[in-house]
Each structure stands twice: as C-alpha cells, then as structure tokens.
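Pasting final-v1.cif here (mmCIF, C-alpha atoms):
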```cif
data_coords
loop_
_atom_site.label_atom_id
_atom_site.label_comp_id
_atom_site.auth_asym_id
_atom_site.auth_seq_id
_atom_site.Cartn_x
_atom_site.Cartn_y
_atom_site.Cartn_z
CA MET S 1 -44.82 13.84 0.01
CA LYS S 2 -46.39 11.34 -2.41
CA LEU S 3 -44.12 10.13 -5.17
CA HIS S 4 -45.09 8.11 -8.22
CA GLU S 5 -42.82 5.25 -9.30
CA SER S 6 -43.26 5.54 -13.07
CA MET S 7 -45.02 7.55 -15.75
CA ILE S 8 -45.15 4.52 -18.07
CA THR S 9 -48.49 4.02 -19.84
CA GLY S 10 -50.49 0.80 -19.76
CA GLU S 11 -49.89 0.13 -23.47
CA LEU S 12 -46.13 0.61 -23.24
CA LYS S 13 -45.98 -1.45 -20.03
CA SER S 14 -47.78 -4.36 -21.67
CA LYS S 15 -45.43 -4.19 -24.69
CA ILE S 16 -42.37 -4.35 -22.43
CA ASP S 17 -43.94 -7.20 -20.42
CA LYS S 18 -44.50 -9.11 -23.67
CA ILE S 19 -40.90 -8.58 -24.82
CA TRP S 20 -39.70 -9.70 -21.38
CA ASN S 21 -41.92 -12.77 -21.54
CA ASP S 22 -40.68 -13.66 -25.03
CA PHE S 23 -37.07 -13.53 -23.83
CA TRP S 24 -38.02 -15.72 -20.88
CA THR S 25 -39.85 -18.36 -22.94
CA GLY S 26 -37.13 -18.14 -25.61
CA GLY S 27 -34.53 -19.38 -23.13
CA ILE S 28 -33.07 -16.18 -21.59
CA SER S 29 -34.13 -16.06 -17.97
CA ASN S 30 -31.42 -13.93 -16.30
CA PRO S 31 -32.92 -10.43 -16.06
CA LEU S 32 -29.53 -8.71 -16.53
CA THR S 33 -28.97 -10.68 -19.75
CA VAL S 34 -32.47 -9.77 -20.96
CA ILE S 35 -31.86 -6.09 -20.29
CA GLU S 36 -28.43 -6.18 -21.92
CA GLN S 37 -29.71 -7.83 -25.12
CA PHE S 38 -32.72 -5.49 -25.15
CA THR S 39 -30.29 -2.57 -24.71
CA TYR S 40 -28.17 -3.56 -27.72
CA LEU S 41 -31.23 -3.79 -29.94
CA ILE S 42 -32.52 -0.39 -28.79
CA PHE S 43 -29.08 1.05 -29.55
CA LEU S 44 -29.16 -0.39 -33.09
CA LYS S 45 -32.61 1.11 -33.66
CA GLN S 46 -31.40 4.47 -32.31
CA LEU S 47 -28.31 4.45 -34.55
CA ASP S 48 -30.42 3.84 -37.63
CA SER S 49 -32.94 6.48 -36.54
CA LYS S 50 -30.17 9.07 -36.02
CA GLN S 51 -28.74 8.37 -39.47
CA MET S 52 -32.21 8.65 -41.04
CA ASP S 53 -32.63 12.09 -39.42
CA ASN S 54 -29.20 13.15 -40.69
CA GLU S 55 -30.03 11.86 -44.19
CA LYS S 56 -33.32 13.80 -44.26
CA ALA S 57 -31.55 17.00 -43.14
CA ALA S 58 -28.80 16.55 -45.76
CA ASN S 59 -31.37 15.94 -48.53
CA LEU S 60 -33.40 18.95 -47.47
CA LEU S 61 -30.34 21.21 -47.55
CA GLY S 62 -28.91 19.57 -50.68
CA ILE S 63 -25.58 18.83 -48.99
CA PRO S 64 -23.55 15.60 -48.65
CA LEU S 65 -24.19 13.48 -45.57
CA GLU S 66 -21.42 13.84 -43.00
CA ASN S 67 -20.53 11.54 -40.08
CA ALA S 68 -22.68 8.65 -41.29
CA PHE S 69 -22.65 5.59 -39.04
CA TYR S 70 -23.41 3.27 -41.97
CA SER S 71 -21.82 3.51 -45.41
CA LYS S 72 -23.75 2.34 -48.50
CA LYS S 73 -21.81 -0.91 -48.29
CA HIS S 74 -23.00 -1.59 -44.75
CA GLU S 75 -26.70 -0.85 -45.42
CA PRO S 76 -27.72 -4.51 -44.73
CA LEU S 77 -26.50 -4.07 -41.11
CA ARG S 78 -28.96 -1.23 -40.47
CA TRP S 79 -32.09 -1.77 -38.40
CA SER S 80 -34.40 -0.54 -41.18
CA SER S 81 -32.86 -3.13 -43.52
CA PHE S 82 -32.51 -6.27 -41.38
CA LYS S 83 -35.91 -5.90 -39.66
CA GLU S 84 -37.56 -6.64 -43.04
CA LYS S 85 -35.61 -9.87 -43.61
CA ASP S 86 -36.77 -13.41 -42.93
CA PRO S 87 -35.86 -14.53 -39.38
CA GLU S 88 -33.10 -16.92 -40.58
CA VAL S 89 -31.50 -14.27 -42.81
CA MET S 90 -31.67 -11.71 -39.99
CA PHE S 91 -30.12 -14.17 -37.53
CA ASP S 92 -27.26 -14.87 -39.98
CA LEU S 93 -26.55 -11.12 -40.20
CA PHE S 94 -26.17 -11.12 -36.39
CA THR S 95 -24.13 -14.34 -36.08
CA LYS S 96 -22.20 -15.04 -39.32
CA PRO S 97 -19.57 -12.60 -40.64
CA GLN S 98 -20.43 -11.65 -44.23
CA ARG S 99 -17.50 -11.36 -46.67
CA GLU S 100 -19.24 -8.67 -48.73
CA LEU S 101 -19.71 -6.68 -45.50
CA ASP S 102 -16.00 -6.71 -44.56
CA ASP S 103 -16.51 -9.90 -42.53
CA LEU S 104 -18.72 -8.03 -40.08
CA THR S 105 -21.91 -9.06 -38.31
CA VAL S 106 -24.50 -6.55 -37.08
CA PHE S 107 -22.98 -7.02 -33.64
CA ASP S 108 -19.37 -6.56 -34.79
CA PHE S 109 -20.36 -3.33 -36.50
CA MET S 110 -22.10 -2.09 -33.36
CA LYS S 111 -19.05 -2.87 -31.20
CA ASN S 112 -16.69 -1.09 -33.59
CA ILE S 113 -18.66 2.12 -33.85
CA GLY S 114 -16.69 3.76 -31.02
CA LYS S 115 -17.10 7.41 -30.10
CA GLN S 116 -19.31 8.14 -33.10
CA GLY S 117 -22.18 6.33 -31.40
CA GLY S 118 -22.08 8.33 -28.17
CA VAL S 119 -21.06 7.31 -24.66
CA PHE S 120 -22.81 3.93 -24.78
CA ALA S 121 -20.74 2.82 -27.78
CA GLN S 122 -17.51 3.29 -25.79
CA TYR S 123 -18.41 0.45 -23.39
CA MET S 124 -19.16 -2.19 -26.00
CA LYS S 125 -15.97 -4.25 -25.91
CA GLY S 126 -17.36 -7.08 -23.77
CA ALA S 127 -20.76 -7.20 -25.48
CA ILE S 128 -21.87 -10.70 -26.48
CA PHE S 129 -24.89 -11.57 -28.62
CA MET S 130 -26.90 -14.15 -26.67
CA ILE S 131 -30.27 -14.42 -28.41
CA PRO S 132 -30.33 -18.15 -29.24
CA THR S 133 -32.79 -18.52 -32.15
CA PRO S 134 -33.95 -16.71 -35.32
CA LYS S 135 -37.54 -16.91 -34.06
CA LEU S 136 -36.80 -15.08 -30.79
CA LEU S 137 -34.65 -12.43 -32.52
CA ASP S 138 -37.38 -11.70 -35.06
CA LYS S 139 -40.08 -11.54 -32.36
CA VAL S 140 -38.11 -9.10 -30.23
CA VAL S 141 -36.94 -6.92 -33.16
CA GLN S 142 -40.51 -6.52 -34.47
CA GLN S 143 -41.79 -5.57 -31.01
CA ILE S 144 -38.99 -3.09 -30.31
CA ASP S 145 -39.67 -1.60 -33.75
CA SER S 146 -43.21 -0.75 -32.59
CA LEU S 147 -42.00 1.09 -29.45
CA ASN S 148 -42.09 4.88 -29.47
CA LEU S 149 -38.47 5.94 -29.00
CA ASP S 150 -38.87 9.48 -30.36
CA ASN S 151 -39.93 11.10 -27.08
CA LYS S 152 -37.18 11.56 -24.45
CA ASP S 153 -39.53 11.01 -21.50
CA ALA S 154 -41.10 7.91 -23.08
CA LYS S 155 -37.66 6.43 -23.78
CA GLY S 156 -36.52 7.09 -20.22
CA ASP S 157 -39.68 5.65 -18.65
CA LEU S 158 -39.52 2.60 -20.90
CA TYR S 159 -35.96 1.84 -19.85
CA GLU S 160 -36.60 2.57 -16.17
CA TYR S 161 -39.51 0.11 -16.22
CA MET S 162 -37.22 -2.49 -17.79
CA LEU S 163 -34.60 -1.84 -15.10
CA SER S 164 -37.17 -2.18 -12.32
CA LYS S 165 -37.41 -5.84 -13.27
CA ILE S 166 -33.88 -6.40 -11.93
CA ALA S 167 -35.14 -5.56 -8.44
CA GLU S 168 -38.29 -7.67 -8.85
CA ALA S 169 -36.22 -10.70 -9.74
CA GLY S 170 -33.62 -10.12 -7.01
CA THR S 171 -30.85 -10.94 -9.44
CA ASN S 172 -27.20 -11.42 -8.53
CA GLY S 173 -27.54 -9.46 -5.28
CA GLN S 174 -28.10 -6.29 -7.29
CA PHE S 175 -29.45 -3.50 -5.10
CA ARG S 176 -31.46 -1.16 -7.23
CA THR S 177 -32.46 2.00 -5.39
CA PRO S 178 -36.20 2.63 -5.83
CA ARG S 179 -36.85 5.56 -8.15
CA HIS S 180 -39.02 7.45 -5.69
CA ILE S 181 -36.26 7.34 -3.03
CA ILE S 182 -33.71 8.60 -5.57
CA ARG S 183 -36.05 11.44 -6.57
CA MET S 184 -36.61 12.42 -2.93
CA MET S 185 -32.85 12.63 -2.35
CA VAL S 186 -32.34 14.72 -5.50
CA GLN S 187 -35.19 17.07 -4.55
CA ILE S 188 -33.64 17.62 -1.11
CA VAL S 189 -30.13 18.46 -2.41
CA LYS S 190 -31.48 20.60 -5.33
CA PRO S 191 -28.71 20.28 -7.98
CA GLN S 192 -27.38 23.70 -8.99
CA GLN S 193 -26.35 25.14 -12.35
CA ASP S 194 -22.61 24.76 -11.77
CA ASP S 195 -22.69 21.42 -9.91
CA VAL S 196 -20.35 18.62 -10.97
CA ILE S 197 -22.20 15.50 -9.84
CA CYS S 198 -20.77 12.03 -9.17
CA ASP S 199 -22.03 8.59 -8.16
CA PRO S 200 -19.00 6.45 -7.22
CA SER S 201 -21.04 3.21 -7.46
CA SER S 202 -23.25 4.22 -10.35
CA GLY S 203 -24.77 0.88 -11.40
CA THR S 204 -27.65 1.61 -13.79
CA ALA S 205 -27.02 5.39 -13.33
CA GLY S 206 -30.34 6.03 -11.57
CA PHE S 207 -29.02 8.90 -9.41
CA LEU S 208 -27.32 10.66 -12.33
CA VAL S 209 -30.40 10.29 -14.53
CA SER S 210 -32.67 11.61 -11.78
CA ALA S 211 -30.39 14.61 -11.18
CA GLY S 212 -30.45 15.32 -14.92
CA GLU S 213 -34.24 15.06 -15.03
CA TYR S 214 -34.55 17.41 -12.04
CA VAL S 215 -32.41 20.04 -13.77
CA TYR S 216 -34.22 19.59 -17.08
CA HIS S 217 -37.73 19.90 -15.65
CA LYS S 218 -37.08 22.48 -12.91
CA HIS S 219 -34.73 24.80 -14.77
CA LYS S 220 -35.53 24.70 -18.49
CA GLU S 221 -34.36 28.33 -18.72
CA TRP S 222 -30.77 27.26 -17.96
CA PHE S 223 -30.68 25.45 -21.32
CA ASN S 224 -30.95 28.77 -23.19
CA ASN S 225 -27.33 29.34 -22.17
CA LYS S 226 -24.80 27.65 -24.49
CA THR S 227 -22.15 27.38 -21.73
CA PHE S 228 -24.61 25.56 -19.48
CA ARG S 229 -25.71 23.20 -22.28
CA ASN S 230 -22.07 22.28 -22.83
CA HIS S 231 -21.60 21.75 -19.06
CA PHE S 232 -24.78 19.61 -18.85
CA ASN S 233 -23.82 17.42 -21.82
CA ASN S 234 -20.12 16.97 -21.15
CA HIS S 235 -19.06 17.68 -17.55
CA MET S 236 -21.98 17.69 -15.09
CA PHE S 237 -22.52 13.92 -14.69
CA ASN S 238 -19.86 11.43 -13.62
CA GLY S 239 -20.17 7.77 -12.66
CA ILE S 240 -17.77 5.07 -11.50
CA GLU S 241 -18.74 1.40 -11.87
CA PHE S 242 -16.60 -1.75 -11.95
CA ASP S 243 -19.20 -4.15 -13.43
CA PRO S 244 -18.93 -3.88 -17.27
CA THR S 245 -22.55 -5.01 -17.77
CA MET S 246 -23.84 -2.32 -15.41
CA LEU S 247 -21.59 0.25 -17.06
CA ARG S 248 -23.15 -0.52 -20.46
CA ILE S 249 -26.68 -0.49 -19.05
CA GLY S 250 -26.03 2.76 -17.15
CA ALA S 251 -24.53 4.40 -20.26
CA MET S 252 -27.60 3.47 -22.30
CA ASN S 253 -29.93 4.69 -19.53
CA MET S 254 -28.25 8.10 -19.61
CA GLN S 255 -28.25 8.28 -23.39
CA LEU S 256 -31.98 7.47 -23.56
CA HIS S 257 -32.58 10.29 -21.04
CA GLY S 258 -30.88 12.80 -23.34
CA MET S 259 -27.54 13.00 -21.49
CA GLU S 260 -25.13 13.07 -24.41
CA ASN S 261 -21.62 12.62 -23.10
CA PRO S 262 -21.39 11.84 -19.37
CA THR S 263 -18.09 10.63 -17.90
CA LEU S 264 -18.26 6.97 -16.92
CA ILE S 265 -15.18 5.32 -15.42
CA GLY S 266 -14.93 1.55 -15.53
CA LYS S 267 -13.06 0.59 -12.36
CA ASP S 268 -13.52 -0.12 -8.66
CA ALA S 269 -13.89 3.23 -6.91
CA LEU S 270 -12.18 1.92 -3.76
CA SER S 271 -9.16 0.38 -5.46
CA GLU S 272 -5.56 1.46 -5.10
CA SER S 273 -5.56 2.48 -8.79
CA ASN S 274 -8.22 5.11 -8.13
CA GLY S 275 -6.30 7.46 -5.84
CA ASP S 276 -6.19 10.27 -8.41
CA ILE S 277 -9.77 11.50 -7.89
CA GLU S 278 -9.62 14.20 -5.24
CA ASN S 279 -11.52 17.47 -4.63
CA GLN S 280 -13.33 17.10 -7.98
CA TYR S 281 -17.07 17.04 -7.32
CA SER S 282 -19.53 19.48 -5.77
CA LEU S 283 -22.34 16.93 -5.29
CA ILE S 284 -22.29 13.18 -4.64
CA LEU S 285 -25.45 11.06 -4.75
CA ALA S 286 -25.01 7.37 -4.02
CA ASN S 287 -26.19 4.06 -2.66
CA PRO S 288 -22.86 2.22 -2.39
CA PRO S 289 -22.70 -1.54 -1.81
CA PHE S 290 -22.79 -2.39 1.88
CA LYS S 291 -22.44 -6.11 2.12
CA GLY S 292 -18.85 -6.41 0.98
CA SER S 293 -15.51 -6.42 2.69
CA LEU S 294 -12.12 -5.92 1.05
CA ASP S 295 -8.54 -6.84 1.91
CA TYR S 296 -6.47 -3.88 3.11
CA ASP S 297 -4.01 -4.23 0.22
CA GLU S 298 -6.85 -3.78 -2.32
CA VAL S 299 -7.99 -0.46 -0.82
CA GLU S 300 -6.61 2.94 -1.80
CA SER S 301 -4.32 3.84 1.11
CA SER S 302 -5.61 7.37 1.88
CA LEU S 303 -9.07 5.92 2.68
CA LEU S 304 -7.62 3.73 5.42
CA LYS S 305 -6.23 6.81 7.17
CA VAL S 306 -9.80 8.06 7.69
CA THR S 307 -11.13 4.73 8.88
CA LYS S 308 -9.09 1.52 8.98
CA THR S 309 -11.72 -1.01 7.99
CA LYS S 310 -12.57 -3.65 5.43
CA LYS S 311 -16.25 -2.66 5.36
CA THR S 312 -17.22 -1.15 2.01
CA GLU S 313 -19.91 1.18 3.39
CA LEU S 314 -17.38 2.93 5.65
CA LEU S 315 -14.70 3.04 2.96
CA PHE S 316 -17.15 4.63 0.52
CA LEU S 317 -17.88 7.44 3.00
CA ALA S 318 -14.14 8.10 3.32
CA LEU S 319 -13.87 8.03 -0.48
CA MET S 320 -16.68 10.56 -0.89
CA LEU S 321 -15.00 12.96 1.52
CA ARG S 322 -11.84 12.76 -0.56
CA MET S 323 -13.68 13.17 -3.89
CA LEU S 324 -15.72 16.21 -2.80
CA LYS S 325 -14.51 19.78 -3.16
CA ILE S 326 -14.59 21.92 -0.02
CA GLY S 327 -18.23 23.01 0.24
CA GLY S 328 -19.34 19.95 -1.72
CA ARG S 329 -22.51 18.14 -0.59
CA ALA S 330 -23.41 14.47 -0.37
CA ALA S 331 -26.59 12.45 -0.01
CA VAL S 332 -25.79 8.81 0.57
CA ILE S 333 -27.71 5.71 1.63
CA VAL S 334 -26.00 3.68 4.38
CA PRO S 335 -26.96 0.66 6.49
CA ASP S 336 -28.04 1.41 10.06
CA GLY S 337 -24.74 -0.03 11.28
CA VAL S 338 -23.01 3.20 10.20
CA LEU S 339 -25.15 5.09 12.73
CA PHE S 340 -25.00 2.59 15.57
CA GLY S 341 -21.98 0.30 15.01
CA SER S 342 -19.64 0.15 18.00
CA SER S 343 -16.35 -0.77 16.30
CA THR S 344 -13.46 1.72 16.22
CA ALA S 345 -13.93 2.13 12.46
CA HIS S 346 -17.63 2.99 12.87
CA LYS S 347 -16.85 5.51 15.60
CA ASN S 348 -14.06 7.08 13.52
CA ILE S 349 -16.26 7.72 10.49
CA ARG S 350 -19.02 9.24 12.68
CA LYS S 351 -16.45 11.43 14.42
CA GLU S 352 -15.10 12.53 11.01
CA LEU S 353 -18.57 13.50 9.74
CA VAL S 354 -19.72 15.28 12.94
CA GLN S 355 -16.51 16.93 14.16
CA ASN S 356 -14.49 17.58 10.98
CA GLN S 357 -17.31 18.01 8.44
CA GLN S 358 -20.89 19.30 8.59
CA LEU S 359 -23.56 16.63 9.06
CA GLN S 360 -26.93 18.17 8.30
CA ALA S 361 -29.54 15.41 8.31
CA VAL S 362 -30.20 11.72 8.87
CA ILE S 363 -33.36 10.14 7.42
CA SER S 364 -34.04 6.68 8.78
CA MET S 365 -35.94 4.53 6.25
CA PRO S 366 -38.26 1.55 6.81
CA SER S 367 -36.56 -1.83 6.36
CA GLY S 368 -38.85 -2.85 3.45
CA VAL S 369 -37.74 -0.08 1.08
CA PHE S 370 -35.21 -2.30 -0.69
CA LYS S 371 -37.44 -5.08 -1.89
CA PRO S 372 -36.74 -7.96 -2.08
CA TYR S 373 -34.08 -7.27 0.60
CA ALA S 374 -36.64 -6.53 3.30
CA GLY S 375 -34.29 -7.21 6.22
CA VAL S 376 -31.90 -4.34 5.48
CA SER S 377 -32.48 -1.22 7.59
CA THR S 378 -31.02 1.88 6.00
CA ALA S 379 -30.68 5.63 6.45
CA ILE S 380 -29.81 8.58 4.23
CA LEU S 381 -26.98 10.85 5.38
CA PHE S 382 -26.77 14.45 4.12
CA PHE S 383 -23.45 16.18 4.76
CA THR S 384 -21.15 18.93 3.47
CA LYS S 385 -17.36 18.70 3.25
CA THR S 386 -15.84 21.58 5.21
CA ASN S 387 -12.66 20.03 6.70
CA SER S 388 -13.26 22.47 9.56
CA GLY S 389 -16.38 21.14 11.29
CA GLY S 390 -19.59 23.14 11.43
CA THR S 391 -22.07 20.49 12.58
CA ASP S 392 -24.57 22.34 14.76
CA LYS S 393 -28.09 20.96 14.62
CA VAL S 394 -28.69 17.65 12.84
CA TRP S 395 -32.19 17.03 11.50
CA PHE S 396 -33.29 13.47 12.30
CA TYR S 397 -36.35 12.09 10.52
CA ASP S 398 -37.85 8.65 11.05
CA MET S 399 -39.64 7.69 7.85
CA LYS S 400 -42.55 5.41 8.79
CA ALA S 401 -43.68 4.83 5.19
CA ASP S 402 -41.76 5.45 1.99
CA GLY S 403 -44.44 7.49 0.21
CA LEU S 404 -44.79 5.18 -2.81
CA ILE S 405 -48.28 4.99 -4.27
#
```

For the structure just supplied, provide its representation as structure tokens.
Amino acid sequence: MKLHESMITGELKSKIDKIWNDFWTGGISNPLTVIEQFTYLIFLKQLDSKQMDNEKAANLLGIPLENAFYSKKHEPLRWSSFKEKDPEVMFDLFTKPQRELDDLTVFDFMKNIGKQGGVFAQYMKGAIFMIPTPKLLDKVVQQIDSLNLDNKDAKGDLYEYMLSKIAEAGTNGQFRTPRHIIRMMVQIVKPQQDDVICDPSSGTAGFLVSAGEYVYHKHKEWFNNKTFRNHFNNHMFNGIEFDPTMLRIGAMNMQLHGMENPTLIGKDALSESNGDIENQYSLILANPPFKGSLDYDEVESSLLKVTKTKKTELLFLALMLRMLKIGGRAAVIVPDGVLFGSSTAHKNIRKELVQNQQLQAVISMPSGVFKPYAGVSTAILFFTKTNSGGTDKVWFYDMKADGLI
C-alpha cells in the first residue's frame, strides 16, 4: 500500500515555509512556539471570517445579527481592521490595553471569547503573545491573510504541514506519529457510524483528525442523517492531553478539519485523578509516550492491578483496557520491549492481552519510522476488549518499508 504524506500544493508549501522562516529570522526559533503563535493568528482570522459570513447572512435576510463575536465597539480588534493598520499601531493593539476598548488587547479579547469561539477557544487560558516586534507581526499577518482558509481540506493540509515541522526539528522530545502510519492504522480499524473514539495521549490530535477524515471521505452518506451529524460533531471524538500547548494545538487542528465540538480533557491520563473514565469508548487509537516512568503514588491505582510497573507504555495499555467498552477495539503503537521484555510487568500485560482479551494482530515497524528518533523499534498492536479471552490466531506482519513516497 502506497501512502502519500500530504496533499499540500507547492504554492501553499512555499508560503508556509516563508512564514516559518520569518518567525525564525524574527527571533522565534522554537517550533512549538512558532506553531502556537501561528495558531492564534489563524484563529483570529477565522473568527473574523465567521462573523463576516454571519453579517452577510443577516443582511441578506434583513434580520439583526445574533451571536456576534465582536461588537461595534470592539471592531478595531478584528482581523479585517487591524491588518490594515501600520505595523506599530497593530502591535500596540496586540500588546497595550486600550481604554476605549474596555482595556483589552487583541489577545485579551481572543482569550475571553470562551465557548462562543468553539472548542479551541476553551483552551486559551495559558496563551501568551510572543511575537517580539511590529515588523514581524505585520509580515506574518499579511502572509496569513493571503492563505486560502475557506476550503476544509486546504486548511487541514496547511496545518498538518506546519505540524510536520515539529518532527523535523526534533523539538522537546515530541514524538509526532507520521501521517501515513496514522492513516494506515485508521484504515485497518475502519471507524464505524456509532463509534466513540478516544486517544488518551492526543498531542496534536493526529489520530482523531485522521479518523474524522476517514469517516468524512468514506461515508459521506452518513452525514445526511441529523443524528449522526450531531454524534460526529459532539460525541464521536475524545482526546486526553496534559500539555496545555499541545491541547491548544490539537484543538485548533480539529477545528480546522471541520470537527466542531470534540471533547478534549486537559489532564494526565494515567493520574490518580483520572480514575472515572471506564467502559466509555468503542475505539482507541494511540501512540502513547514510551520513554517515561512514573512513581507508583502518581498512578491511578486500578492500572497497577493489571501490571505493577512504572513504565508508561505498559500503564497506557492497562488504561486502554479500562477505558474501552466490552467489544471495543484498539490500535496502539508500542516499543518492541512490550513484545519481548522479560520483566514480570511485561509478561503480565502480554498475558492480559492474549489470555483475557482478544489480540488480533501485531505489525512490526522499521526502526526509522519515527524520524529523527531512528533508534526506536516499534510495533502496532490491534486488540479487542472481551474480558473473556478469544485470542485464536494472531496475524504477525514484519513491515520492511513504511510505504511513504
């Protein structure tokens, strides 16, 4: 199976590269910071665009505008207004509270918009404006203004390309699962109409986005049903992520892919405070962190009953078994140690999957899949929660090449 990494066009790619380069030369070199600042600006453009659409519709129908993000008073804080200002004036609107605007900056307004602005707006509390100069702000705003954000696929590809730069830079130990591997996993599990899908270490929300794209492109007819549309927009996609920056980036990624109101939970999935999520999901897709170890007193106690360990990759497997409904499926990336480790904890989790659940397949991947972390050998496990066994034949596949062209 040959899988393409991105549908992004040459023109769009070069625009993003230029924006990235301007951030870099303007003094912002941490890729996560670049993406976060880029994300906030895209959100501001989207807010203004949504209000423009609502204004046009209201004018056309001759009715008052309802649920406006911006009042007349706050017009100067809108993208369409500040993008026309001189760089210094624009920068002041972002950095200096204006008395005539209720002592708000553009950024304050964005952080206060709350539920009105969709799921992304709910994770704004820790947002900090970090663009250091009027010149850089103006450069980036004018370039983002020229990006086509009207088309759902173009928006998604644009943001995915931006996110791919995290992996290229190898920032902060962030593992970003390659898109083509995510798509392969989604295509194998084939999300169903009534699935409730979760990624307990959601990061940039790549698995959830890919599952949504699969459903959207493979089953357009499902969207004719109002009940399904409500399920898709409000209940189907669930993510847990403890890093607030990743939570914001993941929320924006989902919003740009047309997923209106996913559930995103901002906490550590393994923590003692997270013991309330049980038998909730019918499908889990994940690439949990597998370099960490936790103290026993930090870990939710029921997980330790399955496998007493400090290793996060084993704890996440125990967590997934608890979170899944009976009959629920999982596709999860694990380090090879899960398959071959000789500790009691390793043996216990394998015994749990093979004897008490139904292990269906193991795909062993080449060690270079997770660039730049070429030394990590990984595999994908596919299993179903039965709590009564059922493992018969397990399909083993040794992937010699990852299919990326």

Quick one: residues within 10 Å of Thr105 in chain S, all atoms listed in the file counted, chain neighbours fewer than 6 positions away excluded, as a PDB file with C-alpha atoms, in the coordinates of the input?
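selection-v5.pdb, written as the output of this step:
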```pdb
ATOM      1  CA  HIS S  74     -23.000  -1.590 -44.750  1.00  0.00           C
ATOM      2  CA  PRO S  76     -27.720  -4.510 -44.730  1.00  0.00           C
ATOM      3  CA  LEU S  77     -26.500  -4.070 -41.110  1.00  0.00           C
ATOM      4  CA  PHE S  91     -30.120 -14.170 -37.530  1.00  0.00           C
ATOM      5  CA  ASP S  92     -27.260 -14.870 -39.980  1.00  0.00           C
ATOM      6  CA  LEU S  93     -26.550 -11.120 -40.200  1.00  0.00           C
ATOM      7  CA  PHE S  94     -26.170 -11.120 -36.390  1.00  0.00           C
ATOM      8  CA  THR S  95     -24.130 -14.340 -36.080  1.00  0.00           C
ATOM      9  CA  LYS S  96     -22.200 -15.040 -39.320  1.00  0.00           C
ATOM     10  CA  PRO S  97     -19.570 -12.600 -40.640  1.00  0.00           C
ATOM     11  CA  GLN S  98     -20.430 -11.650 -44.230  1.00  0.00           C
ATOM     12  CA  ARG S  99     -17.500 -11.360 -46.670  1.00  0.00           C
ATOM     13  CA  LYS S 111     -19.050  -2.870 -31.200  1.00  0.00           C
TER      14      LYS S 111
END
```

### Query
Between S:Leu61, S:Ile144, S:Ile35, S:Leu137, which is the closest to Ser164 in chain S once you count only C-alpha atoms?
S:Ile35

### Task
I would like the residues chosen by the PyMOL selection byres ((chain S and resi 336) around 6) on the shown file; could you give them as a ChimeraX atom specification?
/S:335,337-339,377-378

### Task
Can you pull out every residue within 12 Å of Ser71 in chain S, counting only C-alpha atoms, but drop anything in the same chain fewer than 3 positions away, and send it as a list in words?
Asp48, Gln51, Glu55, Leu65, Glu66, Asn67, Ala68, His74, Glu75, Pro76, Leu77, Arg78, Leu101, Asp102 and Phe109 of chain S

### Explicit residues for the PyMOL selection byres ((chain S and resi 260) around 10) (as a VMD selection string)
chain S and resid 118 to 120 230 232 to 234 251 254 to 259 261 to 263

### Task
Can you give me, as a ChimeraX atom specification, the residues this file yields under the PyMOL selection byres ((chain S and resi 155-159) around 10)?
/S:5-9,12-13,15-16,35,38-39,42,147-154,160-164,209,213,249,252-258

Output file for the residues above (C-alpha atoms, as a PDB file, in the frame of the given file):
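Output contents, as saved in selection_34.pdb:
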```pdb
ATOM      1  CA  GLU S   5     -42.820   5.250  -9.300  1.00  0.00           C
ATOM      2  CA  SER S   6     -43.260   5.540 -13.070  1.00  0.00           C
ATOM      3  CA  MET S   7     -45.020   7.550 -15.750  1.00  0.00           C
ATOM      4  CA  ILE S   8     -45.150   4.520 -18.070  1.00  0.00           C
ATOM      5  CA  THR S   9     -48.490   4.020 -19.840  1.00  0.00           C
ATOM      6  CA  LEU S  12     -46.130   0.610 -23.240  1.00  0.00           C
ATOM      7  CA  LYS S  13     -45.980  -1.450 -20.030  1.00  0.00           C
ATOM      8  CA  LYS S  15     -45.430  -4.190 -24.690  1.00  0.00           C
ATOM      9  CA  ILE S  16     -42.370  -4.350 -22.430  1.00  0.00           C
ATOM     10  CA  ILE S  35     -31.860  -6.090 -20.290  1.00  0.00           C
ATOM     11  CA  PHE S  38     -32.720  -5.490 -25.150  1.00  0.00           C
ATOM     12  CA  THR S  39     -30.290  -2.570 -24.710  1.00  0.00           C
ATOM     13  CA  ILE S  42     -32.520  -0.390 -28.790  1.00  0.00           C
ATOM     14  CA  LEU S 147     -42.000   1.090 -29.450  1.00  0.00           C
ATOM     15  CA  ASN S 148     -42.090   4.880 -29.470  1.00  0.00           C
ATOM     16  CA  LEU S 149     -38.470   5.940 -29.000  1.00  0.00           C
ATOM     17  CA  ASP S 150     -38.870   9.480 -30.360  1.00  0.00           C
ATOM     18  CA  ASN S 151     -39.930  11.100 -27.080  1.00  0.00           C
ATOM     19  CA  LYS S 152     -37.180  11.560 -24.450  1.00  0.00           C
ATOM     20  CA  ASP S 153     -39.530  11.010 -21.500  1.00  0.00           C
ATOM     21  CA  ALA S 154     -41.100   7.910 -23.080  1.00  0.00           C
ATOM     22  CA  GLU S 160     -36.600   2.570 -16.170  1.00  0.00           C
ATOM     23  CA  TYR S 161     -39.510   0.110 -16.220  1.00  0.00           C
ATOM     24  CA  MET S 162     -37.220  -2.490 -17.790  1.00  0.00           C
ATOM     25  CA  LEU S 163     -34.600  -1.840 -15.100  1.00  0.00           C
ATOM     26  CA  SER S 164     -37.170  -2.180 -12.320  1.00  0.00           C
ATOM     27  CA  VAL S 209     -30.400  10.290 -14.530  1.00  0.00           C
ATOM     28  CA  GLU S 213     -34.240  15.060 -15.030  1.00  0.00           C
ATOM     29  CA  ILE S 249     -26.680  -0.490 -19.050  1.00  0.00           C
ATOM     30  CA  MET S 252     -27.600   3.470 -22.300  1.00  0.00           C
ATOM     31  CA  ASN S 253     -29.930   4.690 -19.530  1.00  0.00           C
ATOM     32  CA  MET S 254     -28.250   8.100 -19.610  1.00  0.00           C
ATOM     33  CA  GLN S 255     -28.250   8.280 -23.390  1.00  0.00           C
ATOM     34  CA  LEU S 256     -31.980   7.470 -23.560  1.00  0.00           C
ATOM     35  CA  HIS S 257     -32.580  10.290 -21.040  1.00  0.00           C
ATOM     36  CA  GLY S 258     -30.880  12.800 -23.340  1.00  0.00           C
TER      37      GLY S 258
END
```

### Query
What does the distance from CA of Asp17 in chain S to CA of Gly250 in chain S come to in Å, to one decimal?
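So the answer is 20.8 Å.
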
### Task
Have a look at CA of Leu283 in chain S and CA of Gly206 in chain S and let me know their distance in Å, one decimal.
14.9 Å

### Query
Any idea what's packed within 7 Å of range 382-394 of chain S, counting all atoms listed in the file, ignoring anything in its chain fewer than 2 positions away? Could you give it as a ChimeraX atom specification?
/S:321,324,326-332,354-362,380,396

### Query
In Å, with one decimal, what is the gap from CA of Met90 in chain S to CA of Ile166 in chain S?
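Going from CA of Met90 in chain S over to CA of Ile166 in chain S covers 28.6 Å.
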
### Top pick for closest residue to Met323 in chain S, considering S:Asn279, S:Ser80, S:Ser210, S:Asn238 and counting all atoms listed in the file
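Ranking S:Asn279, S:Ser80, S:Ser210, S:Asn238 by distance to Met323 in chain S, first place goes to S:Asn279.
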
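Comparing S:Asn21, S:Ser342, S:Ile349, S:Ile63 by their smallest distance to Leu314 in chain S, the closest is S:Ile349 (using only C-alpha atoms).
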
### Task
Fewer than 3 positions away in the same chain doesn't count, so skip those; otherwise give me all residues within 9 Å of Phe242 in chain S, counting all atoms listed in the file, as a VMD selection string.
chain S and resid 201 203 245 to 247 265 to 269
